[in-house]
Amino acid sequence: QKEVEQDPGPLSVPEGAIVSLNCTYSNSAFQYFMWYRQYSRKGPELLMYTYSSGNKEDGRFTAQVDKSSKYISLFIRDSQPSDSATYLCATQRPGGGNKLTFGTGTQLKVEL
Amino acid sequence: GAGVSQSPRYKVAKRGQDVALRCDPISGHVSLFWYQQALGQGPEFLTYFQNEAQLDKSGLPSDRFFAERPEGSVSTLKIQRTQQEDSAVYLCASSPQRQATNTGELFFGEGSRLTVL
């Protein structure tokens with residue numbers, strides 16, 4: 001079993017829809033949680049970073065962590081075609097340097 | 001340049017050949033990472049440098065893989081006697097933080113896509 005599980009999709013939604021992307025993780029030692037966005041043939045770029053449980057909002061994006069169920073989510077409001085990309089969740093242990101454990105990524109397509 | 005630069009962007013190698021992949025991190029970044037991303041998968045950690053010191057190489061899949069960062073800036077990932085299972089995108093990332101700081105802010109390059117025939 002992988003330490004971080006993520007549905008690979010693809011997920012296709014109409015423009016303006018609310019998108020929900022999810023990951024589960026198995027190691028309770030993980031304390032830091034990130035969402036990266038990766039466009040085709042590009043490197044991942046950091047979208048959101050959260051520590052422990054709770055919500056964090058940044059514009060149209062909301063990251064949510066539920067440590068009791070080891071579940072992390074990313075919500076995208078008013079989705080745009082430019083949001084079409086692969087979204088990777090990632091986790092990190094305290095004292096683990098910047099070594100990240102990534103999920104497989106969910107491919108999202110926002111259609112006009 | 002402003003970002004992490006990797007070369008070559010694309011490399012085709014015959015099975016058994018040696019390859020070298022180069023990474024130019026963002027100037028002044030202390031930490032440098034190599035990740036391997038197979039098709040349809042997330043990046044998998046290979047190795048980590050803090051300046052010129054290789055502090056973690058636990059992700060290197062075999063002794064055919066070797067990485068160095070001799071002057072604490074440019075890094076090279078070398079793969080000897082390439083095998084078909086080595087086909088992947090090799091991503092380099094850098095970070096201004098040292099190991100003790102956890103922010104998840106890694107700046108990735110566009111990757112070197114290796115195809116082994």
# chains A, B, ... in the order shown; residues from 1 in each chain; ligands from 1
$ residues_around --residues "Ile18 in chain A" --least-positions-apart "2" --cutoff "6 Å" --atoms "only C-alpha atoms" --output "list of chain:residue names"
A:Ile76, A:Arg77, A:Asp78
$ write_last_selection --atoms "all heavy atoms" --output "PDB file, in the first residue's frame"
ATOM      1  N   ILE A  76     -11.707  23.664  -5.628  1.00  0.00           N
ATOM      2  CA  ILE A  76     -11.509  24.767  -6.569  1.00  0.00           C
ATOM      3  C   ILE A  76     -12.878  25.318  -6.913  1.00  0.00           C
ATOM      4  O   ILE A  76     -13.743  24.592  -7.439  1.00  0.00           O
ATOM      5  CB  ILE A  76     -10.799  24.299  -7.871  1.00  0.00           C
ATOM      6  CG1 ILE A  76      -9.494  23.547  -7.552  1.00  0.00           C
ATOM      7  CG2 ILE A  76     -10.502  25.506  -8.759  1.00  0.00           C
ATOM      8  CD1 ILE A  76      -8.824  22.924  -8.782  1.00  0.00           C
ATOM      9  N   ARG A  77     -13.082  26.585  -6.590  1.00  0.00           N
ATOM     10  CA  ARG A  77     -14.369  27.228  -6.913  1.00  0.00           C
ATOM     11  C   ARG A  77     -14.268  27.904  -8.276  1.00  0.00           C
ATOM     12  O   ARG A  77     -13.178  28.320  -8.689  1.00  0.00           O
ATOM     13  CB  ARG A  77     -14.725  28.275  -5.854  1.00  0.00           C
ATOM     14  CG  ARG A  77     -15.094  27.714  -4.506  1.00  0.00           C
ATOM     15  CD  ARG A  77     -15.506  28.832  -3.546  1.00  0.00           C
ATOM     16  NE  ARG A  77     -14.399  29.767  -3.327  1.00  0.00           N
ATOM     17  CZ  ARG A  77     -13.396  29.535  -2.508  1.00  0.00           C
ATOM     18  NH1 ARG A  77     -13.327  28.406  -1.845  1.00  0.00           N
ATOM     19  NH2 ARG A  77     -12.441  30.435  -2.350  1.00  0.00           N
ATOM     20  N   ASP A  78     -15.426  28.025  -8.945  1.00  0.00           N
ATOM     21  CA  ASP A  78     -15.482  28.735 -10.231  1.00  0.00           C
ATOM     22  C   ASP A  78     -14.344  28.275 -11.146  1.00  0.00           C
ATOM     23  O   ASP A  78     -13.505  29.074 -11.583  1.00  0.00           O
ATOM     24  CB  ASP A  78     -15.404  30.247  -9.996  1.00  0.00           C
ATOM     25  CG  ASP A  78     -15.646  31.057 -11.250  1.00  0.00           C
ATOM     26  OD1 ASP A  78     -16.314  30.553 -12.172  1.00  0.00           O
ATOM     27  OD2 ASP A  78     -15.127  32.193 -11.338  1.00  0.00           O
TER      28      ASP A  78
END
$ residues_around --residues "range 46-63 of chain B" --least-positions-apart "5" --cutoff "6 Å" --atoms "only C-alpha atoms" --output "number ranges by chain"
B: 30-35, 69-72
$ residues_around --residues "Ser73 in chain A" --least-positions-apart "6" --cutoff "10 Å" --atoms "only C-alpha atoms" --output "PyMOL selection string"
chain A and resi 20-24+33-35+55+62-66+89
$ interface_residues --of "chain B" --to "chain A" --cutoff "12 Å" --atoms "only C-alpha atoms" --output "ChimeraX atom specification"
/B:3-6,9-10,30-50,55-59,88-113
$ atom_distance --atom1 "CA of Arg22 in chain B" --atom2 "CA of Ser75 in chain B"
5.9 Å
